[in-house]
Structures are given as C-alpha cells and as structure tokens.
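One file, final17.cif, is given below (mmCIF, C-alpha atoms).
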```cif
data_protein
#
loop_
_atom_site.label_atom_id
_atom_site.label_comp_id
_atom_site.auth_asym_id
_atom_site.auth_seq_id
_atom_site.Cartn_x
_atom_site.Cartn_y
_atom_site.Cartn_z
CA MET A 1 0.00 0.00 0.00
CA ALA A 2 1.35 3.43 -0.97
CA GLU A 3 2.44 5.94 1.67
CA VAL A 4 -0.28 8.53 2.35
CA ARG A 5 0.56 12.19 3.00
CA LEU A 6 -2.11 14.79 3.85
CA ASP A 7 -1.58 18.53 3.75
CA GLU A 8 -3.01 20.93 6.33
CA ARG A 9 -6.10 21.74 4.24
CA GLU A 10 -7.01 18.09 3.74
CA LEU A 11 -6.54 17.38 7.43
CA ARG A 12 -8.67 20.36 8.46
CA LEU A 13 -11.52 19.43 6.11
CA LEU A 14 -11.51 15.76 7.13
CA LEU A 15 -11.50 16.50 10.85
CA GLY A 16 -14.20 19.13 10.39
CA SER A 17 -16.42 16.72 8.49
CA GLY A 18 -17.09 14.68 11.64
CA SER A 19 -17.42 11.55 9.50
CA GLY A 20 -15.22 8.55 10.22
CA ASP A 21 -16.46 6.85 7.05
CA ALA A 22 -15.40 9.83 4.93
CA CYS A 23 -11.94 9.85 6.53
CA LEU A 24 -11.44 6.12 5.90
CA LEU A 25 -12.66 6.36 2.33
CA TYR A 26 -10.39 9.33 1.59
CA LEU A 27 -7.37 7.49 2.96
CA TYR A 28 -8.31 4.47 0.85
CA ILE A 29 -8.57 6.61 -2.31
CA LYS A 30 -5.25 8.33 -1.58
CA SER A 31 -3.48 5.03 -1.00
CA SER A 32 -4.94 3.15 -3.97
CA GLY A 33 -5.10 6.04 -6.43
CA ALA A 34 -8.55 5.01 -7.68
CA LEU A 35 -12.00 4.14 -6.45
CA VAL A 36 -13.85 0.96 -7.36
CA LEU A 37 -16.88 0.72 -5.09
CA SER A 38 -16.95 -3.08 -4.92
CA GLN A 39 -13.26 -3.23 -3.95
CA ALA A 40 -13.59 -0.35 -1.47
CA ALA A 41 -16.60 -2.02 0.15
CA GLN A 42 -14.62 -5.21 0.70
CA ALA A 43 -11.48 -3.42 1.93
CA LEU A 44 -13.31 -1.07 4.34
CA GLN A 45 -16.08 -3.50 5.37
CA MET A 46 -18.80 -1.00 4.41
CA ASP A 47 -21.97 -1.48 2.43
CA GLU A 48 -22.64 0.58 -0.69
CA PRO A 49 -25.09 3.10 0.89
CA ARG A 50 -22.46 4.03 3.51
CA LEU A 51 -19.80 4.37 0.84
CA GLN A 52 -22.03 6.54 -1.35
CA LEU A 53 -22.81 8.82 1.62
CA ALA A 54 -19.12 9.18 2.49
CA LEU A 55 -18.25 9.79 -1.16
CA SER A 56 -20.93 12.46 -1.46
CA LEU A 57 -19.51 14.23 1.61
CA LEU A 58 -15.98 14.13 0.19
CA THR A 59 -17.29 15.57 -3.08
CA GLN A 60 -19.05 18.42 -1.25
CA LEU A 61 -15.83 19.20 0.64
CA GLY A 62 -13.96 19.40 -2.63
CA LEU A 63 -11.61 16.58 -1.67
CA VAL A 64 -12.82 14.27 -4.43
CA ALA A 65 -13.79 15.31 -7.94
CA SER A 66 -17.38 14.57 -8.87
CA ALA A 67 -16.18 12.31 -11.68
CA ALA A 68 -14.70 10.00 -9.05
CA ALA A 69 -18.22 9.23 -7.88
CA GLU A 70 -18.60 6.95 -10.88
CA PRO A 71 -16.72 3.65 -10.67
CA PRO A 72 -14.16 3.28 -13.44
CA ARG A 73 -15.30 1.23 -16.37
CA GLN A 74 -13.98 -2.26 -16.56
CA PRO A 75 -12.12 -3.12 -19.76
CA GLU A 76 -14.27 -4.83 -22.36
CA PRO A 77 -13.66 -8.58 -22.57
CA HIS A 78 -11.59 -9.57 -25.55
CA ARG A 79 -13.64 -11.20 -28.31
CA TYR A 80 -11.89 -14.45 -29.00
CA THR A 81 -11.98 -16.13 -32.40
CA GLU A 82 -11.65 -19.70 -33.56
CA GLN A 83 -8.04 -18.90 -34.48
CA ASP A 84 -7.37 -17.72 -30.90
CA VAL A 85 -8.75 -20.97 -29.53
CA ALA A 86 -6.79 -23.10 -32.00
CA GLN A 87 -3.59 -21.22 -31.22
CA ALA A 88 -4.13 -21.58 -27.45
CA GLN A 89 -4.75 -25.32 -27.82
CA ARG A 90 -1.51 -25.67 -29.80
CA ARG A 91 0.77 -23.52 -27.68
CA ASP A 92 -0.70 -23.34 -24.17
CA GLN A 93 -0.42 -26.66 -22.37
CA SER A 94 -2.34 -25.39 -19.34
CA PHE A 95 -5.28 -24.46 -21.59
CA GLN A 96 -5.16 -27.90 -23.18
CA LEU A 97 -5.44 -29.47 -19.72
CA LEU A 98 -8.22 -27.05 -18.81
CA VAL A 99 -10.29 -28.01 -21.86
CA GLY A 100 -9.99 -31.70 -21.02
CA GLU A 101 -10.91 -31.10 -17.37
CA ALA A 102 -13.90 -28.93 -18.27
CA GLN A 103 -15.26 -31.49 -20.75
CA ARG A 104 -14.80 -34.28 -18.21
CA ARG A 105 -16.63 -32.39 -15.46
CA LEU A 106 -19.45 -31.15 -17.69
CA GLY A 107 -19.83 -34.52 -19.41
CA ARG A 108 -19.86 -33.15 -22.95
CA THR A 109 -17.62 -31.90 -25.73
CA LEU A 110 -17.43 -28.12 -25.63
CA SER A 111 -18.63 -26.22 -28.68
CA GLY A 112 -16.59 -23.53 -30.39
CA GLU A 113 -18.39 -20.74 -28.51
CA GLU A 114 -17.94 -22.55 -25.19
CA LEU A 115 -14.20 -22.89 -25.87
CA LYS A 116 -14.04 -19.12 -26.49
CA THR A 117 -15.74 -18.51 -23.12
CA LEU A 118 -13.33 -20.88 -21.39
CA LEU A 119 -10.39 -19.11 -23.01
CA GLY A 120 -11.72 -15.81 -21.71
CA LEU A 121 -11.72 -17.12 -18.14
CA HIS A 122 -8.17 -18.36 -18.61
CA ASP A 123 -6.64 -15.55 -20.66
CA PHE A 124 -8.71 -12.41 -19.97
CA LEU A 125 -9.59 -12.90 -16.28
CA ARG A 126 -6.24 -14.60 -15.65
CA LEU A 127 -7.80 -17.18 -13.35
CA PRO A 128 -5.42 -20.09 -12.66
CA THR A 129 -6.33 -23.43 -14.21
CA GLU A 130 -6.96 -25.01 -10.79
CA VAL A 131 -9.28 -22.16 -9.79
CA ILE A 132 -11.31 -22.54 -13.01
CA GLY A 133 -11.62 -26.25 -12.25
CA LEU A 134 -13.03 -25.42 -8.80
CA LEU A 135 -15.29 -22.81 -10.39
CA ILE A 136 -16.82 -25.39 -12.73
CA HIS A 137 -17.22 -27.88 -9.87
CA TYR A 138 -18.90 -25.22 -7.73
CA CYS A 139 -21.41 -24.31 -10.46
CA ILE A 140 -22.27 -28.00 -10.96
CA GLN A 141 -22.82 -28.59 -7.23
CA ARG A 142 -24.82 -25.40 -6.84
CA GLY A 143 -27.12 -26.46 -9.66
CA ARG A 144 -27.65 -29.88 -8.08
CA SER A 145 -28.52 -28.29 -4.75
CA HIS A 146 -31.27 -26.39 -6.59
CA GLY A 147 -32.60 -29.58 -8.16
CA ALA A 148 -31.00 -29.17 -11.61
CA SER A 149 -30.28 -32.45 -13.37
CA ARG A 150 -28.25 -30.97 -16.23
CA ALA A 151 -24.77 -29.49 -16.08
CA PRO A 152 -24.61 -25.68 -16.08
CA SER A 153 -23.98 -23.79 -19.29
CA MET A 154 -20.69 -22.05 -19.93
CA ARG A 155 -22.59 -18.75 -19.77
CA VAL A 156 -23.52 -19.50 -16.13
CA ILE A 157 -19.92 -20.49 -15.36
CA GLU A 158 -18.59 -17.35 -17.03
CA LYS A 159 -20.93 -15.11 -15.01
CA GLU A 160 -19.82 -16.73 -11.76
CA GLY A 161 -16.19 -16.43 -12.87
CA TYR A 162 -16.53 -12.67 -13.23
CA LEU A 163 -17.97 -12.51 -9.70
CA TRP A 164 -14.98 -14.45 -8.39
CA ALA A 165 -12.57 -12.13 -10.20
CA GLU A 166 -14.34 -9.06 -8.75
CA GLN A 167 -14.06 -10.47 -5.23
CA GLY A 168 -10.41 -11.39 -5.67
CA ILE A 169 -11.03 -15.15 -5.54
CA ASP A 170 -7.99 -16.11 -7.61
CA THR A 171 -6.21 -18.73 -5.51
CA VAL A 172 -7.05 -22.34 -4.77
CA GLU A 173 -7.29 -21.59 -1.04
CA ALA A 174 -9.69 -18.66 -1.51
CA ALA A 175 -11.79 -20.59 -4.03
CA ALA A 176 -12.04 -23.68 -1.81
CA ALA A 177 -13.03 -21.61 1.24
CA TYR A 178 -15.69 -19.69 -0.71
CA MET A 179 -17.02 -22.83 -2.38
CA ASN A 180 -17.30 -24.79 0.89
CA ARG A 181 -19.04 -21.90 2.66
CA GLN A 182 -21.56 -21.39 -0.13
CA LEU A 183 -22.28 -25.08 -0.68
CA GLN A 184 -22.86 -25.60 3.05
CA GLN A 185 -25.44 -22.83 2.95
CA TYR A 186 -27.15 -24.32 -0.09
CA ALA A 187 -27.21 -27.77 1.58
CA ALA A 188 -28.78 -26.26 4.71
CA MET A 189 -31.38 -24.48 2.56
CA GLY A 190 -32.31 -27.81 0.97
CA ARG A 191 -32.73 -29.48 4.37
CA TYR A 192 -34.80 -26.59 5.71
CA GLN A 193 -37.03 -26.71 2.64
CA ALA A 194 -37.69 -30.42 3.24
CA LEU A 195 -38.44 -29.78 6.94
CA LEU A 196 -40.99 -27.13 5.97
CA GLY A 197 -42.64 -29.45 3.46
CA VAL A 198 -42.10 -27.00 0.60
CA GLN A 199 -41.47 -29.45 -2.22
CA GLY A 200 -42.62 -30.11 -5.74
CA ARG A 201 -42.33 -26.47 -6.83
CA ARG A 202 -39.75 -23.72 -7.25
CA LEU A 203 -39.24 -21.37 -4.35
CA THR A 204 -40.13 -17.73 -4.79
CA ALA A 205 -37.37 -15.14 -4.50
CA GLY A 206 -38.66 -14.09 -1.07
CA GLU A 207 -38.72 -17.67 0.20
CA GLU A 208 -35.15 -18.22 -1.00
CA ARG A 209 -34.04 -15.08 0.84
CA TYR A 210 -35.58 -16.35 4.09
CA LEU A 211 -33.91 -19.77 3.73
CA LEU A 212 -30.55 -18.20 2.90
CA GLN A 213 -30.75 -15.90 5.93
CA TRP A 214 -31.55 -18.86 8.19
CA ALA A 215 -28.72 -20.89 6.67
CA GLN A 216 -26.33 -18.02 7.42
CA LEU A 217 -27.40 -18.19 11.08
CA ARG A 218 -26.15 -21.82 11.07
CA LEU A 219 -28.99 -23.07 13.25
CA PRO A 220 -29.44 -26.85 13.68
CA ASP A 221 -32.23 -28.59 11.79
CA GLU A 222 -34.13 -29.39 15.00
CA VAL A 223 -34.27 -25.67 15.86
CA ILE A 224 -35.75 -24.93 12.43
CA ALA A 225 -38.29 -27.72 12.99
CA LEU A 226 -39.25 -26.29 16.40
CA ALA A 227 -39.72 -22.80 14.97
CA TYR A 228 -41.89 -24.28 12.19
CA GLU A 229 -44.03 -26.17 14.73
CA ARG A 230 -44.58 -23.05 16.85
CA THR A 231 -45.39 -21.02 13.75
CA CYS A 232 -48.04 -23.53 12.64
CA LEU A 233 -49.58 -23.71 16.12
CA ALA A 234 -49.77 -19.94 16.38
CA THR A 235 -50.85 -19.06 12.83
CA GLY A 236 -52.35 -22.26 11.41
CA GLY A 237 -49.68 -22.73 8.76
CA LEU A 238 -46.29 -21.65 7.45
CA LYS A 239 -46.04 -17.88 7.73
CA TRP A 240 -42.51 -16.94 6.67
CA PRO A 241 -42.27 -13.54 8.44
CA TYR A 242 -43.63 -15.02 11.69
CA MET A 243 -41.14 -17.89 11.63
CA ASP A 244 -38.32 -15.50 10.72
CA ALA A 245 -39.15 -13.37 13.77
CA ILE A 246 -38.98 -16.45 16.02
CA LEU A 247 -35.60 -17.56 14.67
CA ARG A 248 -34.10 -14.08 14.89
CA ARG A 249 -35.33 -13.72 18.48
CA TRP A 250 -33.61 -16.97 19.43
CA ASP A 251 -30.43 -15.91 17.65
CA GLU A 252 -30.39 -12.54 19.43
CA GLN A 253 -30.85 -14.34 22.77
CA GLY A 254 -27.94 -16.67 21.95
CA LEU A 255 -30.14 -19.78 22.00
CA ARG A 256 -28.65 -22.39 19.67
CA THR A 257 -30.24 -25.69 20.76
CA VAL A 258 -33.74 -26.94 21.53
CA ALA A 259 -32.80 -27.42 25.21
CA GLU A 260 -31.56 -23.83 25.47
CA ILE A 261 -34.72 -22.55 23.79
CA GLU A 262 -37.02 -24.51 26.09
CA GLN A 263 -35.26 -23.07 29.15
CA GLY A 264 -34.34 -19.56 28.11
CA ASP A 265 -36.73 -18.30 25.43
CA VAL A 266 -38.13 -14.94 26.52
CA LYS A 267 -41.09 -13.84 24.44
CA PRO A 268 -41.76 -10.13 23.95
CA ALA A 269 -44.13 -8.82 26.59
CA ARG A 270 -47.64 -7.93 25.44
CA PRO A 271 -49.69 -5.15 27.01
CA GLU A 272 -52.53 -6.53 29.14
CA ARG A 273 -56.08 -5.86 28.04
CA PRO A 274 -58.27 -3.74 30.33
CA ALA A 275 -60.91 -5.76 32.21
CA PHE A 276 -64.07 -3.85 31.28
CA THR A 277 -66.99 -4.27 33.67
CA ARG A 278 -70.47 -5.32 32.69
CA GLY A 279 -72.33 -2.63 34.60
CA LYS A 280 -73.67 0.43 32.82
CA GLY A 281 -71.07 3.15 32.76
CA ALA A 282 -68.59 1.09 34.78
CA GLN A 283 -64.97 1.61 33.60
CA PRO A 284 -61.63 0.40 34.94
CA ALA A 285 -59.89 2.82 37.26
CA PRO A 286 -57.21 4.96 35.61
CA GLY A 287 -53.90 3.12 35.58
CA ASP A 288 -55.48 -0.08 36.93
CA MET A 289 -55.54 -2.56 34.04
CA ARG A 290 -56.48 -5.55 36.24
CA GLN A 291 -59.56 -4.25 38.05
CA PRO A 292 -61.91 -7.12 39.00
CA VAL A 293 -65.13 -7.32 37.02
CA ALA A 294 -67.97 -5.61 38.90
CA LEU A 295 -70.98 -7.69 39.91
CA GLU A 296 -73.52 -4.95 39.30
CA PRO A 297 -76.31 -6.33 37.02
CA GLY A 298 -76.56 -4.98 33.53
CA GLU A 299 -79.67 -3.85 31.62
CA ILE A 300 -80.71 -7.37 30.54
CA GLU A 301 -80.44 -8.69 34.10
CA ARG A 302 -82.47 -5.78 35.49
CA ARG A 303 -85.31 -6.44 33.01
CA ALA A 304 -85.38 -10.13 33.91
CA ILE A 305 -85.57 -9.30 37.64
CA ALA A 306 -88.39 -6.84 36.98
CA ARG A 307 -90.39 -9.51 35.10
CA LEU A 308 -89.99 -11.95 38.03
CA HIS A 309 -91.27 -9.36 40.49
CA GLN A 310 -94.27 -8.68 38.21
CA ARG A 311 -95.17 -12.38 38.11
CA LYS A 312 -95.05 -12.65 41.93
CA GLU A 313 -97.38 -9.67 42.32
CA ASP A 314 -99.86 -11.17 39.84
#
```
Can the structure in the file be given as structure tokens, please?
Amino acid sequence: MAEVRLDERELRLLLGSGSGDACLLYLYIKSSGALVLSQAAQALQMDEPRLQLALSLLTQLGLVASAAAEPPRQPEPHRYTEQDVAQAQRRDQSFQLLVGEAQRRLGRTLSGEELKTLLGLHDFLRLPTEVIGLLIHYCIQRGRSHGASRAPSMRVIEKEGYLWAEQGIDTVEAAAAYMNRQLQQYAAMGRYQALLGVQGRRLTAGEERYLLQWAQLRLPDEVIALAYERTCLATGGLKWPYMDAILRRWDEQGLRTVAEIEQGDVKPARPERPAFTRGKGAQPAPGDMRQPVALEPGEIERRAIARLHQRKED
C-alpha cells in the first residue's frame, strides 16, 4: 500500500467533516489512487449506501472530484476467435489441460463458442487453471442443490467467474473456502425446505431469501423444525415472516439448541387488556388494568328481575 501524506487543508476538512467513514474512504482513495466501489466495500467493510454517503460528503468538501463518484469502467472482454482458440490449444499446455478437465466435469464436448468462453476465463480474467476447475465444480454442485439435473452452461460459469474475479477469488485456497461456505449454505437451505414441506415447486425469491438468511445463522435442523411447529400452532400454517421473527429472536438471545430454547426463550411482553366491567357506565380505574369485574347487574339482568317481580305480584 502506498504511503499517504495529507496537507493541512485536507486534514482540516476531514477533521471538520465529523465523519469517520469519509476519513477512511479518503485514505483508501489516496493510498490506492482510484475508487472501485466493490473493492472499497470489501477493503473497508462498508456497504454501498455508507460508501455513497461518504463519497458524497468528500465531493461536497472538494476533496474528491465529482467524476470519481462513478466507478471506473472495466475493460471490455476480448472477443476471441476460432483462431485464438486453435492457437491456445496448440501452444498453451495449461489451456489444453483445462479443456480436457472442463469437458470431463461437464460430461460433454465443448462447442466452439464454449471454448471461447473458457479461453476468456483463462486468458482475460487470468484465473489459474486449478481455480477454473473449482469454479466449474462449484457451479455444478450449486445447480444440483437447486434440483438441476443438467450441467450448467458455460454462460452461467462465465458469469460466476466474473464474480470471483471481482471479489479477488484467484487462488485455490480462496476458491475452496468460498465454495465450501456457499455449498454448506445451499445444503442447509435444501434441508430446511424439506423440513418445511415445501417441495414439488420452485421457491419464490422471497422464500429463497428467508432460507438463505436462516442458513447463514447456522442453526441446527431441529431448531428450524421447532420454529416451524410453533409457527403452525400460532398461525395455522407456514407464515414466513412469523417464523423468521422467532428464529431471529432466538439468535439474538444466543439460543442455539432446543434445550436452550425450552429453558431460556423470553417472548416479547404484550400489554394486558383492560378488564371492562359489565355494569352500565362502569370503567376500569385509571392506571389499573387488572380491576376485577364488577358484579352490578346490567340492563338485561335488570329487566329479567323486573319480570320476576311482576309475576309474583300477579
């Protein structure tokens, strides 16, 4: 990382801004010499809205030109030709091995267009051969976890490859760690879906988001089953927001097992209903929400008593 030097004006403006995010972002820009939002977000552990707010403040202070607010354009991918592919297969032994590995994993002979896409991952993105092999394996396993019976297309693999390159996943260690983490989440989502009895149809985008969030909490299957049971008993069926609230409450309370939940679950307190009396005009005393019900007869009772007295007199 380059050495960062700030003059008196820069220091005065940054300290006067009162924004720690703006200070961090400015130091990042000064040290890197450029601003790519996705890379800055990963380096500074900030989400995009926070970055945009800090960037806007730096622009207003005159520390960053307004043009810097736009992320620099990525270079256009090179359009490979059949001659490029043929030359790579003749001269590049690592690409030869990659083609054979890709065809073995996908279970088919790659077409000319698919070979061009594979060459782009290898030559344009500069992903190592071993990383591309893990990338293909990951896309296959991810498809299977979603119920796909066919191997993914090279277009799907290429799209995922660009995501890996953006996130700096360019070593075997980084690729293996990312792949294992993601596949564990997808496996948990599949188990949760079976526990909830949601089968025989595709999940909606909202349902997938709920399952992914629960998988990221890493809760055991029996905890998911307990939350589902309580949701059904309380609402008469699977209500995703209700179940999500239960699971998040347990997570916030640090309850990770069924035994811990049974002993330590604290439900949010509900305000007690006022005990209204039956007598005409009778109301609970101010501030007393648990006043006993008065025994004074109401209008119906008074009419019935009057009729009985009339019968006795007759």
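Closest approach to A:Asp244 from the set A:Gln263, A:Asn180, A:Val258, A:Glu207 is made by A:Glu207, with distances taken over all atoms listed in the file.
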- Quick one: residues within 12 Å of (-5.7, -17.2, -14.1) (file frame), counting all atoms listed in the file, please, as number ranges by chain. A: 94-95, 98, 118-133, 135, 161-162, 164-165, 168-172
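Proximity ranking of A:Lys30, A:Arg155, A:Arg79, A:His137 relative to A:Gln103 places A:His137 first, based on all atoms listed in the file.
If you look at atom CA of A:Lys159 and atom CA of A:Gln185, they are 20.1 Å away from each other.
What the PyMOL selection byres ((chain A and resi 10-27) around 7) picks from this file is Leu6, Asp7, Glu8, Arg9, Tyr28, Ile29, Lys30, Ser31, Ala54, Leu55, Leu57, Leu58 and Leu61 of chain A.
Take the candidates A:Leu183, A:Pro49, A:Arg256, A:Arg104 and check each one against A:Gly143 using all atoms listed in the file; the shortest distance goes to A:Leu183.
Taking atom CA of A:Arg191 and atom CA of A:Val156 as the two end points, the separation is 24.6 Å.
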- Message: Set the distance at 9 Å and use all atoms listed in the file: which residues neighbour A:Leu115 once local chain neighbours fewer than 6 positions away are removed? I'd like the list as a list in words.
- Response: Glu82, Val85, Val99 and Met154 of chain A
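Pairwise distance (atom CA of A:Leu255, atom CA of A:Gly236) equals 24.7 Å.
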Can you tell me, as a PDB file with C-alpha atoms, in the coordinates of the input, what residues are no more than 12 Å from A:Leu226 when counting all atoms listed in the file, ignoring any on the same chain fewer than 3 positions away?
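File around02.pdb, as written:
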```pdb
ATOM      1  CA  TYR A 192     -34.800 -26.590   5.710  1.00  0.00           C
ATOM      2  CA  LEU A 195     -38.440 -29.780   6.940  1.00  0.00           C
ATOM      3  CA  LEU A 196     -40.990 -27.130   5.970  1.00  0.00           C
ATOM      4  CA  LEU A 219     -28.990 -23.070  13.250  1.00  0.00           C
ATOM      5  CA  PRO A 220     -29.440 -26.850  13.680  1.00  0.00           C
ATOM      6  CA  ASP A 221     -32.230 -28.590  11.790  1.00  0.00           C
ATOM      7  CA  GLU A 222     -34.130 -29.390  15.000  1.00  0.00           C
ATOM      8  CA  VAL A 223     -34.270 -25.670  15.860  1.00  0.00           C
ATOM      9  CA  GLU A 229     -44.030 -26.170  14.730  1.00  0.00           C
ATOM     10  CA  ARG A 230     -44.580 -23.050  16.850  1.00  0.00           C
ATOM     11  CA  THR A 231     -45.390 -21.020  13.750  1.00  0.00           C
ATOM     12  CA  CYS A 232     -48.040 -23.530  12.640  1.00  0.00           C
ATOM     13  CA  LEU A 233     -49.580 -23.710  16.120  1.00  0.00           C
ATOM     14  CA  MET A 243     -41.140 -17.890  11.630  1.00  0.00           C
ATOM     15  CA  ILE A 246     -38.980 -16.450  16.020  1.00  0.00           C
ATOM     16  CA  LEU A 247     -35.600 -17.560  14.670  1.00  0.00           C
ATOM     17  CA  TRP A 250     -33.610 -16.970  19.430  1.00  0.00           C
ATOM     18  CA  ARG A 256     -28.650 -22.390  19.670  1.00  0.00           C
ATOM     19  CA  THR A 257     -30.240 -25.690  20.760  1.00  0.00           C
ATOM     20  CA  VAL A 258     -33.740 -26.940  21.530  1.00  0.00           C
ATOM     21  CA  ALA A 259     -32.800 -27.420  25.210  1.00  0.00           C
ATOM     22  CA  ILE A 261     -34.720 -22.550  23.790  1.00  0.00           C
ATOM     23  CA  GLU A 262     -37.020 -24.510  26.090  1.00  0.00           C
TER      24      GLU A 262
END
```
- Message: Please determine, counting all atoms listed in the file, which residue among A:Leu106, A:Leu51, A:Met189, A:Leu217 has the shortest atom-to-atom distance to A:Leu203.
- Response: A:Met189
How big is the axis-aligned box around all listed atoms of stretch 135-144 of chain A once 4 Å goes on each side, and where's its centre, in Å to one decimal, as AutoDock Vina command-line options?
```
--center_x -21.5 --center_y -26.3 --center_z -9.8 --size_x 20.4 --size_y 15.1 --size_z 13.9
```
- Query: Could you name the residues that touch A:Arg248 at 12 Å or less, counting all atoms listed in the file, but leaving out those on the same chain fewer than 5 positions away, as a PyMOL selection string?
  - Reply: chain A and resi 210+213-219+223-224+227+241-243+253-256+265+267
Selected residues written out, C-alpha atoms, as a PDB file, keeping the file's coordinate frame:
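Result went into part_22.pdb, see below:
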```pdb
ATOM      1  CA  TYR A 210     -35.580 -16.350   4.090  1.00  0.00           C
ATOM      2  CA  GLN A 213     -30.750 -15.900   5.930  1.00  0.00           C
ATOM      3  CA  TRP A 214     -31.550 -18.860   8.190  1.00  0.00           C
ATOM      4  CA  ALA A 215     -28.720 -20.890   6.670  1.00  0.00           C
ATOM      5  CA  GLN A 216     -26.330 -18.020   7.420  1.00  0.00           C
ATOM      6  CA  LEU A 217     -27.400 -18.190  11.080  1.00  0.00           C
ATOM      7  CA  ARG A 218     -26.150 -21.820  11.070  1.00  0.00           C
ATOM      8  CA  LEU A 219     -28.990 -23.070  13.250  1.00  0.00           C
ATOM      9  CA  VAL A 223     -34.270 -25.670  15.860  1.00  0.00           C
ATOM     10  CA  ILE A 224     -35.750 -24.930  12.430  1.00  0.00           C
ATOM     11  CA  ALA A 227     -39.720 -22.800  14.970  1.00  0.00           C
ATOM     12  CA  PRO A 241     -42.270 -13.540   8.440  1.00  0.00           C
ATOM     13  CA  TYR A 242     -43.630 -15.020  11.690  1.00  0.00           C
ATOM     14  CA  MET A 243     -41.140 -17.890  11.630  1.00  0.00           C
ATOM     15  CA  GLN A 253     -30.850 -14.340  22.770  1.00  0.00           C
ATOM     16  CA  GLY A 254     -27.940 -16.670  21.950  1.00  0.00           C
ATOM     17  CA  LEU A 255     -30.140 -19.780  22.000  1.00  0.00           C
ATOM     18  CA  ARG A 256     -28.650 -22.390  19.670  1.00  0.00           C
ATOM     19  CA  ASP A 265     -36.730 -18.300  25.430  1.00  0.00           C
ATOM     20  CA  LYS A 267     -41.090 -13.840  24.440  1.00  0.00           C
TER      21      LYS A 267
END
```
- Query: With all atoms listed in the file as the atoms that count, which of A:Gln193, A:Arg201, A:Leu134, A:Ser153 lies nearest to A:Ala177?
  - Reply: A:Leu134
